[in-house]
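What follows is a set of notes on a single structure, which appears directly below.
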Number of protein chains: 4
Amino acid sequence: VALFEAVYGSAPVEAATDDDAWLRAMLQVQRAIAVAGSRVGLIPPDAAAAIAAATEQDDRFDLAAIGRSAGVHATPVIELVNQLRAVLPSSVAGSVQLAATSQDVLDTAAMLVCRRALAPAGADAEALAELLAALAAEHRSTPILGRTLLQPALPTSFGAVCAARLVAVDEALVGLRTVVADRLAVQLGGAVGTLGPAGDRGPALLAQVAAELGLVEPVLPWHTARGRVGQLAAAIGVLAGELAGAAQDVVLLAGLAEVAEAAPGRSSSMPAKQNPARAVLALACAHRVPGLVATLLAGLPQELQRAAGRWQAEAGTLTELLRLLGGTAGHTRAAYEGLQVDPAAMARHLEQAGISLSGNGSDPEVDGRLSSELSPELGSAPVFVDRALAAHAAVTSAAAQPKEGAQ
Amino acid sequence: VALFEAVYGSAPVEAATDDDAWLRAMLQVQRAIAVAGSRVGLIPPDAAAAIAAATEQDDRFDLAAIGRSAGVHATPVIELVNQLRAVLPSSVAGSVQLAATSQDVLDTAAMLVCRRALAPAGADAEALAELLAALAAEHRSTPILGRTLLQPALPTSFGAVCAARLVAVDEALVGLRTVVADRLAVQLGGAVGTLGPAGDRGPALLAQVAAELGLVEPVLPWHTARGRVGQLAAAIGVLAGELAGAAQDVVLLAGLAEVAEAAPGRSSSMPAKQNPARAVLALACAHRVPGLVATLLAGLPQELQRAAGRWQAEAGTLTELLRLLGGTAGHTRAAYEGLQVDPAAMARHLEQAGISLSGNGSDPEVDGRLSSELSPELGSAPVFVDRALAAHAAVTSAAAQPKEGAQ
Amino acid sequence: VALFEAVYGSAPVEAATDDDAWLRAMLQVQRAIAVAGSRVGLIPPDAAAAIAAATEQDDRFDLAAIGRSAGVHATPVIELVNQLRAVLPSSVAGSVQLAATSQDVLDTAAMLVCRRALAPAGADAEALAELLAALAAEHRSTPILGRTLLQPALPTSFGAVCAARLVAVDEALVGLRTVVADRLAVQLGGAVGTLGPAGDRGPALLAQVAAELGLVEPVLPWHTARGRVGQLAAAIGVLAGELAGAAQDVVLLAGLAEVAEAAPGRSSSMPAKQNPARAVLALACAHRVPGLVATLLAGLPQELQRAAGRWQAEAGTLTELLRLLGGTAGHTRAAYEGLQVDPAAMARHLEQAGISLSGNGSDPEVDGRLSSELSPELGSAPVFVDRALAAHAAVTSAAAQPKEGAQ
Amino acid sequence: VALFEAVYGSAPVEAATDDDAWLRAMLQVQRAIAVAGSRVGLIPPDAAAAIAAATEQDDRFDLAAIGRSAGVHATPVIELVNQLRAVLPSSVAGSVQLAATSQDVLDTAAMLVCRRALAPAGADAEALAELLAALAAEHRSTPILGRTLLQPALPTSFGAVCAARLVAVDEALVGLRTVVADRLAVQLGGAVGTLGPAGDRGPALLAQVAAELGLVEPVLPWHTARGRVGQLAAAIGVLAGELAGAAQDVVLLAGLAEVAEAAPGRSSSMPAKQNPARAVLALACAHRVPGLVATLLAGLPQELQRAAGRWQAEAGTLTELLRLLGGTAGHTRAAYEGLQVDPAAMARHLEQAGISLSGNGSDPEVDGRLSSELSPELGSAPVFVDRALAAHAAVTSAAAQPKEGAQ
């Protein structure tokens, strides 16, 4: 663990986005191009097999040399190909990367890295959703003083507070899943997007690479049309923002002693202090996200057949974005894991605000009678909890369906 | 037309986002709440009719007074309600805004404003797509020197260049349409999201208002869960970015005298100069977009039951965003309208780069034979054009289907 | 007042940045060029006088036509010059704008607009600083519970809280004043920055225009070197952020009932509610600022002799930025104007946190004895107040010195 | 070298911002606090000496454990202090960190890290300025076709093009140096900014720590007043933007074959291609900067006595910012190092644009006669070069003066 790694990320996302992960992804793309190339008859099966075998041995590659070369040629792929060719018989070396250009390899690798990194980040967000759902159900009618503009307002239920965050996270997850399923596409166009060296087998090669990697087959190369990168970034940004909304509730309610993290953070100068440290870390991670999304969106209008700068800015920004989503999701989940809820404190604050509820503040009914009949001051809060739980069940069930192209 | 209005916007989007548009939208929301309230039995039909009638007369409202009040109370709705009540019989005045709070009215109005402003902006983008499709078809095999990192590279076809932008704009439009159809939702929750004053008729009221306005019915109020605003902003950001990509091609190719705008801009100090002014203006508008998207995404983690600042920042940012999308779409469309394409200049530049094509650079075949057979150096460029046109036809046809909830 | 004008701005800044303000500034630049041109012998004094006279009559200009032209030619200056020439004798018309290009006029006008708009915004920030200074002095030793990560921590004094914001605002003001004094420069370079038509009198012309307008004379034209715009934007961003820090204290302490705005905002659904509306509006304005600063910074690398898009994006962004600073400053000042401070509530919260102070919580000493001797738990808080007040006096006194070039 | 390290940074800045650099900086702060504490009599000299000795041995600290703890407690300092105390006699352990809190240590360490990282980044920028100055002098009157909106316009000199970038970089460097000298301050306030445990020796302790570290002594603690961080970020943003302006000239002029990098980048699919790779990498680095500046500016309004999220977001963002400035400066410098300039190509393009110069396009005069007398079409371009060189000499000489507090 590096110094700030656990602050700004989560272990599994870190592992899915580190140098080795990028290297493996680039090699996997080389492998897929070779295999696809042999399927469409551009190279002999033997050559493809040799390339595939070589790409499996990612520990034979000199990552530092690739990195240095990237700092000179503005792409890591030139030296990657050099090293790949160096371990192949000379008769096969020419079959490496076929009709593809550097950007094809790096873009497709980026899609693979994104898919892999989003899995654990998404899993943390899903786990958080389950925690929120459980709290929403348990506290369906637990009265809490609603605060607007941070001022005391009127009563709602703590379950409804959690339900609102549940729906927000679920809907953001749906958005992200849609992008992952529909927009993570193979890049393959060659030097200027014509797949020239593939002759008339360009489209077939493209289709085969897509099939091989389980990525979407694009209509045509998207070297300077980066909408899918923007959409991915935006979906990450929205999810991070909604997660942060849940984290912020913890921070604010912990400040009022209505909730507490199960394992609060300590202070170096106030030993007795119990900080909502994980929720604070989630806010810190999420705070860094919108600027990165803007960086990627600002990079959209790329020049002619290959951008001079905006494209080269993407890989680092995407890596940061994935890690920060991992951190936001991981920390928010941790903040809610075992969250200590204090209904008595909530009741006391209602009382101090001069609000008395006609119901008893608990939700003892098991026969489905609305607790709001007991505490009409809660309005539709319990009903909204029910709606949120039903929507959550539907979202969860849809997510469980196998997706085409997933891997 | 104000000084910078035509620079940073388009006339129809301006009209759909100006003060009157916001006022009318807020009044329409009040009307919908009243009508819905009478349908679910919260107020008498007479009261609803009186409110509805009053809200039709938007010229009776004192917009300046509403604006001044907004600068004091942090919402324009308090004074709007005052003025609305003032023109109603006192027996009806109490029926205004029912269980709703200010934010309900302004949020729902914002959704209406967005939908209305996105229509003409989208229409300009669609018109641009048609222009790109026509250019792609016409220049399917017109050779052009591809440029990577702005350096001369290898040949492609000008049609393929246009086709790549066509697909980008189409896919961004699909993304925006999805958000408009699925995510523009009614806001209705009352002071703390419980719809308390509506008793057990809260959910029914919510459903009726949604039906009345043709907006999505949310699972529950989203006062501090702003994912849909973020998704909308992001979809605008992606479309603006892809439009700017198309505009940038014009700027760069105009600099090489391969294309020219039909009505170029002039220079005050160089009378003979012909500037790709509309493409430049499109880039200017699009340049301003990512920062606004970041502002809205940064506003996502809102506090408890109503945010203290981040929510109040949205209306102005959304208005700017809509206008700038309008400007980006309008200017890019204008840049391509009647675009002068000079295949001879393109051919000359290929020649200067030492590239000779075996084909004749035109695309005379009408029997479907690939022109790349004539000019194999173009690789799959013509095929990619065909794929793009087919995809465009599919997107256009899908967009023509009536959408639920559209209005 | 337009619908959102009082929300996102202040009246004087609005007036200093509206269409008329921009028109007047552009005309003032034309006047300065003419006057300077006659001084260095490029045009006859009569011509300069005629131009100067014509530019005084800004009501004779058709702003809408200028705006429409700007939407076609990507600059308002072409039509502005047309209209200016139309009211001049033909013998004089050719003397308009001399060696200058459109960008020279608009850039220099932007500098004038910025200077004018920053005066009232700065005045509001200065008035806020005075209010903070008064509160710091009055509550030098008023105990308040310090909160870290929004959790109760240890005692400090409310005066020290205000003193920290005072220093922050003062230092940000110093930064802004430095930029205004040192970096608001004339732009004058002609078509490609050589001042070609001025022959060997280019530098003299530049110096005269700078003197005429009281702006800095740049080393050379800065058509595509926009550092000063970035520095200005950043200084605005820092001041807005520090102002928002002060506003956020009001929101948070009002939520704890330790302070209240003198004229709180109302709620449409909770008549009894007292919202810290002005502080919330300040936060809303400030929230919109960083995205705009990023837009201007992202616009810095401009192309060769005139940018294709990034420059054209500046005027609108600057206008927004100035207005939002005006709003942030105006609202924060209003939030503190007559701020109700409740030392008893502060004392109660300390007590509830189990903290008892050995002093009496007031600051009765007039002979200079530190109140922290009375309440040692306050540590150096009172001393820091004293330091802040001394620093404030120094800053205020420095600001009162006449600046070269100010006007 | 990690995979993307040489793309997005420079070796010396990387070294100055890596985990060890942060660890050493935090230990240095602990040392300074101890030493200062003994000077003002808060701890015995022996204790200070023991602490100082322990902090020198940074290889005894378990960085991974500190990192893991940071991910739990939202600060690395708690575990750092644990480890520091573990190697000290128990009698001394209590003297560690004295009146300081975690944030004091991390903030002050951040200032040290910034100062150290900015030195090599600044040195690269200064070296670039020298290269620009040399090109400006050499090509003072070398005619080049000026391009506005990327269209051919009128002649200027290549020296003037370089001079404009020189002035831009110099002025941005001045801005950055000012921030480094005036705004990098010690943070020392203890839990809530009162330096409570230091009794009445708080201010003396603060002064001593500042003296010890050569940092500015602030008026009072700035735990939630982050203007200096914003100013630092902005100064970095402006410098990165101006450097990118210079890099963009290389990219654009290389596209026209008027200049070429001395060691161009290669392409994986076009072996003959010569890419302006370093200039492209500079643009990529700089593109990532504005979003990070916005993140830090958006973090300015921090809450009460310690922020809940925005502060914790700073360290990672600052680290990225410093590295990207290093990359921008390093790559831009490399792009200009040995830049190949082709005056004949420049002359040819002027000719193709129908522009003939009356001078001979060279600058043979050594007696100070303006070459613009030879080529009057260049206007004041050569004079502006002279002004830029004079300004550069002044800036360089001022920078060479020893600064107080520098170290």
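Following the order of the structure tokens, first chain is A, next is B, and so on, with residues numbered from 1 inside each chain and ligands from 1 in the order they appear.
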_Contact set, chain D to chain C: 6 Å, only C-alpha atoms, as a PyMOL selection string_ = chain D and resi 146-149+168+192+194-196+199+220+225+227+230+234+238+241+244-245+249+290+294+297-298+300-302+304-308+379-381+384
Output file for the selection above: C-alpha atoms, as an mmCIF file, in the first residue's frame:
```
data_model
loop_
_atom_site.group_PDB
_atom_site.id
_atom_site.type_symbol
_atom_site.label_atom_id
_atom_site.label_comp_id
_atom_site.auth_asym_id
_atom_site.auth_seq_id
_atom_site.Cartn_x
_atom_site.Cartn_y
_atom_site.Cartn_z
ATOM 1 C CA GLY D 146 1.163 34.569 -39.367
ATOM 2 C CA ARG D 147 -1.955 32.447 -38.960
ATOM 3 C CA THR D 148 -5.131 33.641 -37.310
ATOM 4 C CA LEU D 149 -7.973 31.229 -36.584
ATOM 5 C CA ALA D 168 4.240 34.515 -21.443
ATOM 6 C CA VAL D 192 -9.102 23.869 16.646
ATOM 7 C CA THR D 194 -5.888 27.920 19.146
ATOM 8 C CA LEU D 195 -2.580 26.173 19.832
ATOM 9 C CA GLY D 196 -4.150 25.508 23.211
ATOM 10 C CA GLY D 199 -0.300 27.967 26.524
ATOM 11 C CA LEU D 220 -3.027 32.702 12.183
ATOM 12 C CA ALA D 225 -8.892 29.038 4.825
ATOM 13 C CA GLY D 227 -6.571 30.547 -0.323
ATOM 14 C CA GLY D 230 -5.792 27.914 -4.457
ATOM 15 C CA ALA D 234 -3.654 28.710 -10.024
ATOM 16 C CA VAL D 238 -1.194 29.514 -15.558
ATOM 17 C CA GLY D 241 -1.073 26.818 -19.836
ATOM 18 C CA ALA D 244 1.425 24.510 -23.524
ATOM 19 C CA GLY D 245 1.018 27.557 -25.729
ATOM 20 C CA ASP D 249 3.222 26.323 -31.706
ATOM 21 C CA PRO D 290 -7.271 22.974 -15.275
ATOM 22 C CA ALA D 294 -10.818 23.624 -10.282
ATOM 23 C CA LEU D 297 -10.562 25.950 -5.897
ATOM 24 C CA ALA D 298 -13.839 24.100 -5.343
ATOM 25 C CA LEU D 300 -11.833 26.361 -0.745
ATOM 26 C CA PRO D 301 -14.941 26.863 1.324
ATOM 27 C CA GLN D 302 -13.996 24.459 4.105
ATOM 28 C CA LEU D 304 -15.573 25.576 10.548
ATOM 29 C CA GLN D 305 -12.398 24.305 12.252
ATOM 30 C CA ARG D 306 -11.559 21.348 9.965
ATOM 31 C CA ALA D 307 -13.137 20.308 6.709
ATOM 32 C CA ALA D 308 -14.938 17.037 6.186
ATOM 33 C CA GLY D 379 6.108 45.917 -38.643
ATOM 34 C CA SER D 380 7.243 46.067 -35.063
ATOM 35 C CA ALA D 381 7.931 42.342 -34.824
ATOM 36 C CA PHE D 384 8.891 43.431 -29.914
#
```
*Extract, using only C-alpha atoms, all DNA, RNA and protein residues at most 9 Å from Arg24 in chain D, discarding same-chain residues fewer than 3 positions from it, and format them as a PyMOL selection string.*
chain D and resi 19-21+27-29+55-56+58+109
*Distance of CA of Leu324 in chain B from CA of Val174 in chain A, expressed in Å to one decimal place*: 28.0 Å
*In Å, how far is it from CA of Ala284 in chain A to CA of Phe4 in chain A?*
11.9 Å
*DSSP on the backbone: what in range 120-304 of chain B comes out strand (DSSP E or B), as a PyMOL selection string?*
chain B and resi 143-148+151-157+185+216+225+259-260+265+275+301
*Backbone-only DSSP, helix (DSSP H, G or I) members of range 34-179 of chain A, as a PyMOL selection string*: chain A and resi 34-39+45-56+58-60+63-73+77-86+90-93+102-138+158-179
*For range 72-78 of chain A: contacts at 6 Å, only C-alpha atoms, fewer than 6 positions along chain excluded, given as a PyMOL selection string*: (chain A and resi 66+102) or (chain D and resi 265-266+268+277)
Residues from the last selection, C-alpha atoms, saved as a PDB file, in the first residue's frame:
```pdb
ATOM      1  CA  ILE A  66       8.191   0.763 -22.065  1.00  0.00           C
ATOM      2  CA  SER A 102      -0.683   2.254 -31.334  1.00  0.00           C
TER       3      SER A 102
ATOM      4  CA  GLY D 265       8.647  10.545 -31.982  1.00  0.00           C
ATOM      5  CA  ARG D 266       7.948   7.521 -34.095  1.00  0.00           C
ATOM      6  CA  SER D 268       3.975   2.190 -34.750  1.00  0.00           C
ATOM      7  CA  ALA D 277       5.957  13.846 -29.674  1.00  0.00           C
TER       8      ALA D 277
END
```
